[in-house]
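Q: One file: target33.cif (mmCIF, C-alpha atoms).
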```
data_protein
loop_
_atom_site.label_atom_id
_atom_site.label_comp_id
_atom_site.auth_asym_id
_atom_site.auth_seq_id
_atom_site.Cartn_x
_atom_site.Cartn_y
_atom_site.Cartn_z
CA MET A 775 -43.20 61.87 3.83
CA ARG A 776 -42.01 60.79 7.28
CA ASP A 777 -42.75 64.23 8.73
CA PHE A 778 -46.50 64.22 8.12
CA PHE A 779 -47.98 63.29 11.46
CA VAL A 780 -51.55 62.81 10.22
CA LEU A 781 -50.49 60.56 7.37
CA ARG A 782 -48.38 58.42 9.69
CA VAL A 783 -51.17 57.92 12.20
CA ILE A 784 -53.77 57.21 9.52
CA ALA A 785 -51.44 54.72 7.83
CA LYS A 786 -50.81 52.91 11.08
CA LEU A 787 -54.55 52.76 11.68
CA LEU A 788 -55.45 51.62 8.19
CA ILE A 789 -52.77 49.07 7.29
CA PRO A 790 -53.88 46.33 9.74
CA PHE A 791 -57.42 46.62 8.41
CA MET A 792 -56.18 46.50 4.82
CA LEU A 793 -54.31 43.26 5.56
CA LEU A 794 -57.31 41.88 7.43
CA PHE A 795 -59.63 42.74 4.56
CA ALA A 796 -57.22 41.07 2.13
CA LEU A 797 -57.36 37.89 4.21
CA TYR A 798 -61.15 38.16 4.30
CA VAL A 799 -61.29 38.53 0.51
CA GLU A 800 -58.95 35.55 0.19
CA PHE A 801 -60.70 33.11 2.50
CA HIS A 802 -64.23 34.33 1.89
CA GLY A 803 -63.68 34.17 -1.86
CA ASP A 804 -65.51 30.83 -1.92
CA PHE A 805 -68.73 32.52 -0.82
CA GLY A 806 -68.48 36.15 -1.87
CA PRO A 807 -66.62 38.07 -4.54
CA GLY A 808 -62.87 37.89 -4.41
CA GLY A 809 -60.09 35.37 -4.50
CA GLY A 810 -56.37 34.95 -4.59
CA PHE A 811 -55.62 37.59 -7.22
CA GLN A 812 -57.61 40.40 -5.60
CA ALA A 813 -56.35 39.54 -2.13
CA GLY A 814 -52.76 39.39 -3.37
CA VAL A 815 -53.05 42.86 -4.88
CA MET A 816 -54.50 44.15 -1.59
CA VAL A 817 -51.63 42.71 0.46
CA ALA A 818 -49.16 44.31 -1.94
CA ALA A 819 -51.09 47.60 -1.81
CA ALA A 820 -50.97 47.63 1.99
CA ILE A 821 -47.19 47.19 2.03
CA ILE A 822 -46.70 49.71 -0.80
CA PHE A 823 -48.82 52.15 1.22
CA TYR A 824 -46.47 51.56 4.15
CA ALA A 825 -43.48 52.16 1.87
CA LEU A 826 -45.00 55.42 0.57
CA ILE A 827 -45.54 56.83 4.05
CA PHE A 828 -42.58 55.48 6.00
CA GLY A 829 -40.06 55.28 3.18
CA LEU A 830 -38.74 52.45 1.06
CA PRO A 831 -35.91 51.37 3.41
CA ALA A 832 -38.39 50.82 6.26
CA ALA A 833 -40.60 48.67 4.03
CA ARG A 834 -37.57 46.75 2.81
CA MET A 835 -36.63 46.07 6.41
CA LEU A 836 -40.18 44.87 7.14
CA VAL A 837 -40.44 42.64 4.06
CA PRO A 838 -36.89 41.90 2.85
CA ASP A 839 -36.07 41.45 -0.83
CA ALA A 840 -34.90 37.87 -0.38
CA LEU A 841 -38.21 36.90 1.23
CA VAL A 842 -40.22 38.54 -1.57
CA GLU A 843 -38.15 36.81 -4.24
CA SER A 844 -38.52 33.39 -2.68
CA LEU A 845 -42.28 33.94 -2.19
CA ILE A 846 -42.64 34.65 -5.94
CA ALA A 847 -41.50 31.11 -6.67
CA LEU A 848 -43.22 29.57 -3.64
CA GLY A 849 -46.70 30.56 -4.83
CA VAL A 850 -46.32 28.88 -8.23
CA LEU A 851 -44.72 25.86 -6.57
CA LEU A 852 -47.65 25.58 -4.16
CA TYR A 853 -50.13 25.74 -7.02
CA ALA A 854 -48.29 23.17 -9.13
CA GLY A 855 -47.62 21.12 -6.01
CA VAL A 856 -51.36 20.75 -5.40
CA GLY A 857 -51.61 19.43 -8.97
CA VAL A 858 -48.77 16.98 -8.44
CA ALA A 859 -50.24 15.90 -5.08
CA GLY A 860 -53.46 15.05 -6.91
CA MET A 861 -51.43 12.95 -9.35
CA LEU A 862 -49.61 11.13 -6.54
CA LEU A 863 -52.91 10.35 -4.83
CA GLY A 864 -54.20 8.68 -7.97
CA GLY A 865 -56.03 11.42 -9.86
CA ASN A 866 -55.14 13.58 -12.84
CA PHE A 867 -53.03 16.74 -12.63
CA LEU A 868 -54.98 19.36 -10.63
CA ASP A 869 -57.66 16.84 -9.65
CA TYR A 870 -58.85 17.98 -6.23
CA PHE A 871 -61.31 15.13 -5.65
CA VAL A 872 -58.61 12.82 -4.36
CA LEU A 873 -57.12 15.24 -1.82
CA MET A 874 -59.51 14.11 0.91
CA SER A 875 -61.81 11.13 1.38
CA ASP A 876 -64.89 13.23 0.62
CA PRO A 877 -64.70 14.59 -2.94
CA VAL A 878 -66.48 17.87 -2.11
CA ALA A 879 -64.20 18.51 0.86
CA GLY A 880 -61.25 17.65 -1.38
CA GLN A 881 -62.43 20.25 -3.89
CA HIS A 882 -62.70 22.78 -1.11
CA ARG A 883 -59.19 22.10 0.12
CA GLY A 884 -57.75 22.12 -3.39
CA ILE A 885 -59.35 25.46 -4.22
CA PHE A 886 -58.18 26.88 -0.89
CA LEU A 887 -54.55 25.86 -1.48
CA VAL A 888 -54.55 26.98 -5.09
CA GLU A 889 -55.95 30.41 -4.19
CA LEU A 890 -53.30 30.69 -1.49
CA GLY A 891 -50.63 30.02 -4.13
CA VAL A 892 -52.10 32.75 -6.35
CA LEU A 893 -52.17 35.15 -3.40
CA ILE A 894 -48.51 34.54 -2.55
CA THR A 895 -47.23 34.91 -6.10
CA VAL A 896 -49.34 37.94 -7.03
CA SER A 897 -48.60 39.90 -3.88
CA SER A 898 -44.87 39.25 -3.98
CA VAL A 899 -44.57 40.01 -7.71
CA MET A 900 -46.41 43.32 -7.28
CA LEU A 901 -44.25 44.18 -4.30
CA LYS A 902 -41.05 43.22 -6.09
CA ILE A 903 -41.94 45.35 -9.13
CA PHE A 904 -42.61 48.28 -6.83
CA TYR A 905 -39.35 47.75 -4.93
CA VAL A 906 -37.32 47.57 -8.13
CA PHE A 907 -38.99 50.62 -9.69
CA ALA A 908 -38.88 52.75 -6.57
CA GLY A 909 -35.36 51.66 -5.67
CA ARG A 910 -33.95 52.44 -9.11
CA GLY A 911 -33.99 56.21 -8.96
CA ARG A 912 -32.71 56.16 -5.41
CA ASP A 913 -29.74 53.93 -6.27
CA ALA A 914 -28.83 56.18 -9.19
CA ILE A 915 -28.82 59.25 -6.97
CA GLU A 916 -26.76 57.73 -4.18
CA MET B 507 -65.42 58.44 -19.30
CA ALA B 508 -65.05 59.61 -22.88
CA LEU B 509 -64.33 63.10 -21.53
CA LEU B 510 -61.66 61.66 -19.26
CA VAL B 511 -59.98 59.91 -22.18
CA LEU B 512 -59.99 63.11 -24.22
CA ALA B 513 -58.52 65.00 -21.26
CA MET B 514 -55.79 62.37 -20.97
CA VAL B 515 -54.92 62.73 -24.66
CA VAL B 516 -54.82 66.53 -24.55
CA GLN B 517 -53.06 66.83 -21.19
CA ARG B 518 -49.29 67.28 -21.40
CA ASN B 519 -48.51 67.09 -17.69
CA LEU B 520 -47.91 63.38 -17.03
CA PHE B 521 -48.77 63.65 -13.34
CA SER B 522 -52.33 64.73 -14.11
CA VAL B 523 -52.54 62.01 -16.78
CA VAL B 524 -51.73 59.42 -14.11
CA VAL B 525 -54.38 60.85 -11.78
CA LEU B 526 -56.95 60.90 -14.59
CA PHE B 527 -56.03 57.31 -15.36
CA GLY B 528 -56.80 56.34 -11.77
CA ILE B 529 -60.18 58.08 -11.94
CA TYR B 530 -60.88 56.28 -15.22
CA SER B 531 -60.13 52.92 -13.56
CA PHE B 532 -62.50 53.65 -10.71
CA LEU B 533 -65.26 54.60 -13.18
CA MET B 534 -64.52 51.38 -15.08
CA ALA B 535 -64.91 49.45 -11.81
CA THR B 536 -68.35 51.00 -11.27
CA VAL B 537 -69.32 50.03 -14.82
CA LEU B 538 -68.26 46.44 -14.05
CA VAL B 539 -70.31 46.45 -10.84
CA ALA B 540 -73.28 47.60 -12.90
CA LEU B 541 -72.66 44.60 -15.17
CA ASP B 542 -72.74 42.31 -12.07
CA ALA B 543 -69.08 41.34 -12.51
CA VAL B 544 -68.10 42.09 -8.93
CA ASP B 545 -64.92 39.99 -8.95
CA VAL B 546 -63.61 41.80 -12.04
CA ALA B 547 -64.62 45.17 -10.58
CA MET B 548 -62.60 44.40 -7.46
CA THR B 549 -59.56 43.55 -9.55
CA GLU B 550 -59.97 46.70 -11.64
CA ALA B 551 -60.24 48.91 -8.57
CA ALA B 552 -57.23 47.30 -6.88
CA VAL B 553 -54.93 46.85 -9.88
CA GLY B 554 -56.03 49.61 -12.25
CA ALA B 555 -56.65 52.37 -9.74
CA GLY B 556 -54.30 51.28 -7.00
CA ILE B 557 -51.15 49.44 -8.00
CA SER B 558 -50.72 50.74 -11.54
CA THR B 559 -51.15 54.35 -10.39
CA VAL B 560 -48.37 53.84 -7.85
CA LEU B 561 -46.17 52.14 -10.46
CA PHE B 562 -46.80 55.00 -12.92
CA LEU B 563 -45.87 57.50 -10.23
CA ALA B 564 -42.72 55.53 -9.47
CA ALA B 565 -41.86 55.56 -13.18
CA LEU B 566 -42.67 59.27 -13.34
CA TYR B 567 -40.21 59.88 -10.53
CA LEU B 568 -37.48 58.51 -12.82
CA THR B 569 -38.45 60.67 -15.81
CA ARG B 570 -39.50 64.24 -16.36
CA GLY B 571 -43.07 65.24 -15.56
CA ASP B 572 -43.97 66.75 -18.91
CA GLU B 573 -44.55 65.15 -22.26
CA THR B 574 -42.36 66.71 -24.98
CA ARG B 575 -44.09 68.09 -28.03
CA PRO B 576 -43.92 65.70 -30.96
CA LEU B 577 -41.65 66.85 -33.81
CA HIS B 578 -44.30 66.29 -36.45
CA ARG B 579 -47.92 65.25 -36.28
CA THR B 580 -48.47 61.71 -37.50
CA TRP B 581 -51.88 61.59 -39.11
CA SER B 582 -51.37 57.98 -40.17
CA ALA B 583 -51.45 56.90 -36.51
CA LEU B 584 -54.81 58.61 -36.03
CA LEU B 585 -56.11 56.95 -39.21
CA VAL B 586 -54.97 53.50 -38.05
CA SER B 587 -56.58 53.96 -34.59
CA ILE B 588 -59.87 55.13 -36.09
CA GLY B 589 -59.77 52.26 -38.60
CA VAL B 590 -59.11 49.56 -35.97
CA GLY B 591 -61.66 51.09 -33.57
CA GLY B 592 -64.27 51.20 -36.35
CA ALA B 593 -63.57 47.58 -37.26
CA LEU B 594 -63.98 46.53 -33.61
CA VAL B 595 -67.27 48.42 -33.28
CA TYR B 596 -68.43 46.79 -36.53
CA GLY B 597 -67.47 43.41 -35.01
CA THR B 598 -69.60 43.99 -31.92
CA LEU B 599 -72.67 44.42 -34.14
CA GLY B 600 -72.52 40.69 -34.86
CA LEU B 601 -72.54 39.71 -31.18
CA PRO B 602 -75.76 38.53 -29.54
CA ALA B 603 -77.63 41.11 -27.47
CA PHE B 604 -76.37 41.69 -23.91
CA SER B 605 -77.78 39.11 -21.41
CA ASP B 606 -79.59 37.25 -24.17
CA PRO B 607 -80.34 33.82 -22.62
CA ALA B 608 -80.17 32.09 -26.00
CA ALA B 609 -76.66 33.31 -26.77
CA PRO B 610 -74.18 30.47 -27.45
CA ILE B 611 -72.09 31.34 -24.38
CA HIS B 612 -75.10 30.71 -22.11
CA THR B 613 -76.04 27.37 -23.60
CA HIS B 614 -72.71 25.52 -23.71
CA VAL B 615 -71.07 24.78 -20.32
CA VAL B 616 -72.55 27.60 -18.24
CA PRO B 617 -75.74 25.75 -17.20
CA ARG B 618 -73.61 22.90 -15.88
CA TYR B 619 -71.37 25.23 -13.90
CA ILE B 620 -74.34 27.02 -12.40
CA ASN B 621 -76.45 23.92 -11.67
CA ASP B 622 -73.81 21.38 -10.64
CA GLY B 623 -70.94 23.64 -9.57
CA PRO B 624 -72.07 24.21 -5.96
CA LYS B 625 -72.81 20.49 -5.55
CA GLU B 626 -69.55 19.28 -7.10
CA THR B 627 -67.16 21.74 -5.53
CA GLY B 628 -69.02 22.87 -2.41
CA VAL B 629 -68.22 26.48 -3.34
CA PRO B 630 -71.23 28.78 -3.75
CA ASN B 631 -69.31 31.45 -5.69
CA VAL B 632 -69.40 30.18 -9.26
CA VAL B 633 -66.56 32.49 -10.32
CA THR B 634 -64.21 30.93 -7.78
CA ALA B 635 -65.37 27.42 -8.66
CA VAL B 636 -64.73 27.95 -12.38
CA LEU B 637 -61.47 29.79 -11.83
CA ALA B 638 -59.82 27.44 -9.38
CA SER B 639 -61.43 24.10 -10.15
CA TYR B 640 -62.95 23.70 -13.63
CA ARG B 641 -60.38 25.99 -15.22
CA GLY B 642 -57.54 25.18 -12.84
CA PHE B 643 -55.09 24.73 -15.69
CA ASP B 644 -55.79 28.22 -17.03
CA THR B 645 -55.32 29.77 -13.62
CA LEU B 646 -52.06 27.89 -13.20
CA GLY B 647 -51.00 29.41 -16.52
CA GLU B 648 -52.05 32.87 -15.31
CA THR B 649 -50.08 32.49 -12.12
CA THR B 650 -47.09 31.42 -14.18
CA VAL B 651 -47.50 34.53 -16.33
CA VAL B 652 -47.45 36.74 -13.24
CA PHE B 653 -44.41 34.80 -12.01
CA THR B 654 -42.68 35.29 -15.36
CA ALA B 655 -43.43 39.01 -15.26
CA GLY B 656 -41.82 39.28 -11.86
CA ILE B 657 -38.78 37.29 -12.95
CA GLY B 658 -38.50 39.45 -16.09
CA VAL B 659 -38.52 42.67 -14.10
CA ILE B 660 -35.92 41.28 -11.72
CA ALA B 661 -33.74 40.09 -14.60
CA LEU B 662 -33.93 43.44 -16.43
CA LEU B 663 -33.53 45.89 -13.59
CA ARG B 664 -31.33 43.95 -11.20
CA ARG B 665 -28.36 43.64 -13.55
CA ARG B 666 -27.99 47.40 -13.79
CA ARG B 667 -27.86 47.82 -10.05
CA ARG B 668 -25.15 45.17 -9.69
CA LYS B 669 -23.04 46.96 -12.29
CA GLU B 670 -23.29 50.16 -10.31
CA GLY B 671 -22.18 48.30 -7.23
CA ASP B 672 -19.10 47.04 -9.06
CA ARG B 673 -17.97 50.49 -10.03
#
```
Would you mind writing the file out in structure tokens?
A:
Amino acid sequence: MRDFFVLRVIAKLLIPFMLLFALYVEFHGDFGPGGGFQAGVMVAAAIIFYALIFGLPAARMLVPDALVESLIALGVLLYAGVGVAGMLLGGNFLDYFVLMSDPVAGQHRGIFLVELGVLITVSSVMLKIFYVFAGRGRDAIE
Amino acid sequence: MALLVLAMVVQRNLFSVVVLFGIYSFLMATVLVALDAVDVAMTEAAVGAGISTVLFLAALYLTRGDETRPLHRTWSALLVSIGVGGALVYGTLGLPAFSDPAAPIHTHVVPRYINDGPKETGVPNVVTAVLASYRGFDTLGETTVVFTAGIGVIALLRRRRRKEGDR
């Protein structure tokens, strides 16, 4: 699809806004609808969109496989790490109250970090599944 | 929506089935918005209509675009589906009416979440507060499920590619 001029221009215009909207959904999830899962899917969708227009190799160059694979684990580790941090600071597992001196601010920070972990894992898993599926046919042909 | 489902069943061209599936997901998202479940609607629109359509298309690229005709019609499958569907519809008759304030689900922990949630967590969106704070364990489990799915796909599909590289 690299030859379609209109598609290429539109994709270049849209992808930054898709990523921006994903970040908005992520960090505004405390106040409006949205959260880590939705934002993660949007990030993945933006990169998959890029891969559809500019080709899989270009997307793989932009977001390499090794990075995606390590991000899959990093998200879960971040989530569980917040829980362990709560334990180390004297609370129960996944207790956010102890993360900061003010319990409400601690809750806020805990939720923020946890949602970030969800975002990282969900987006990289979606992307990885797409890479593997889309790359399969190609590898068989080559 | 019922028409869409029927069209999907009748349609033999898998490409149009995938497109119909995407339309169905978008309609489902509008239904969820009408039910005031905006967070779920967002997920449905992004996952159901977006990602899964792309994944289906990627899978379609690996197979042929048309469904083969079945060798013989299996009426027992139809009977089982109708039976299970009927049982589920019968089960919904016992549920309390939609948005009934006296329903058990609205009298147990929900008042606490709604009244104390914003004060305790400082997060006005109750869905986020419940998801990430009160039910943090469940969400950790969910994230682990997504993680496991990714690892499973890598484990299944990666091995094949390495074999091809060895040849």
Q: Check which residues satisfy the PyMOL selection byres ((chain B) within 7 of (chain A)) in the file shown, then give them as an NGL selection string.
A: :B and (544-545 or 548-549 or 552-553 or 557 or 561 or 564-565 or 568 or 626-631 or 634 or 638-639 or 642 or 646 or 649-650 or 652-653 or 656 or 659 or 663)
Q: At a cut-off of 7 Å around the point (-70.9, 36.0, -11.3) (file coordinates), what residues fall inside when counting all atoms listed in the file? I'd like the answer as a short mmCIF file (atom, residue, chain, number, x, y, z; two decimals) with C-alpha atoms, keeping the file's coordinate frame.
A:
```
data_model
loop_
_atom_site.label_atom_id
_atom_site.label_comp_id
_atom_site.auth_asym_id
_atom_site.auth_seq_id
_atom_site.Cartn_x
_atom_site.Cartn_y
_atom_site.Cartn_z
CA ASP B 542 -72.74 42.31 -12.07
CA ALA B 543 -69.08 41.34 -12.51
CA VAL B 632 -69.40 30.18 -9.26
CA VAL B 633 -66.56 32.49 -10.32
#
```
Q: Using the chain letters and numbers from this file, what does the PyMOL selection byres ((chain B and resi 508) around 12) select? Give the answer as a list in words.
A: Met507, Leu509, Leu510, Val511, Leu512, Ala513, Met514, Val515, Leu526, Phe527, Tyr530, Leu533 and Met534 of chain B
Q: Have a look at CA of Ala535 (chain B) and CA of Leu793 (chain A) and let me know their distance in Å, one decimal.
A: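 Here the two named atoms are 21.3 Å from each other.
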Q: Report, in Å with one decimal, the straight-line distance from CA of Gly556 (chain B) to CA of Gly528 (chain B).
A: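 Pair CA of Gly556 (chain B) / CA of Gly528 (chain B) returns 7.4 Å.
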Q: Between CA of Thr645 (chain B) and CA of Val537 (chain B), what distance in Å does the model show, to one decimal?
A: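 Between these atoms lies a distance of 24.7 Å.
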Q: How would you write, as a list of chain:residue names, the residues chosen by the PyMOL selection byres ((chain A and resi 785-787) around 10) on this structure?
A: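 Selected by the PyMOL selection byres ((chain A and resi 785-787) around 10) here: A:Phe779, A:Val780, A:Leu781, A:Arg782, A:Val783, A:Ile784, A:Leu788, A:Ile789, A:Pro790, A:Phe791, A:Met792, A:Ala820, A:Phe823, A:Tyr824, A:Leu826, A:Ile827, A:Phe828.
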Q: Using all atoms listed in the file, can you tell me which of A:Leu862, A:Leu852, A:Leu873, A:Val817 comes closest to Leu890 (chain A)?
A: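 Closest candidate: A:Leu852.
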Q: Could you give me, as a list in words, the residues within 7 Å of Glu573 (chain B), counting only C-alpha atoms and dropping anything in the same chain fewer than 6 positions from it?
A: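 Surrounding residues, per the criterion: Arg518, Asn519 and Leu520 of chain B.
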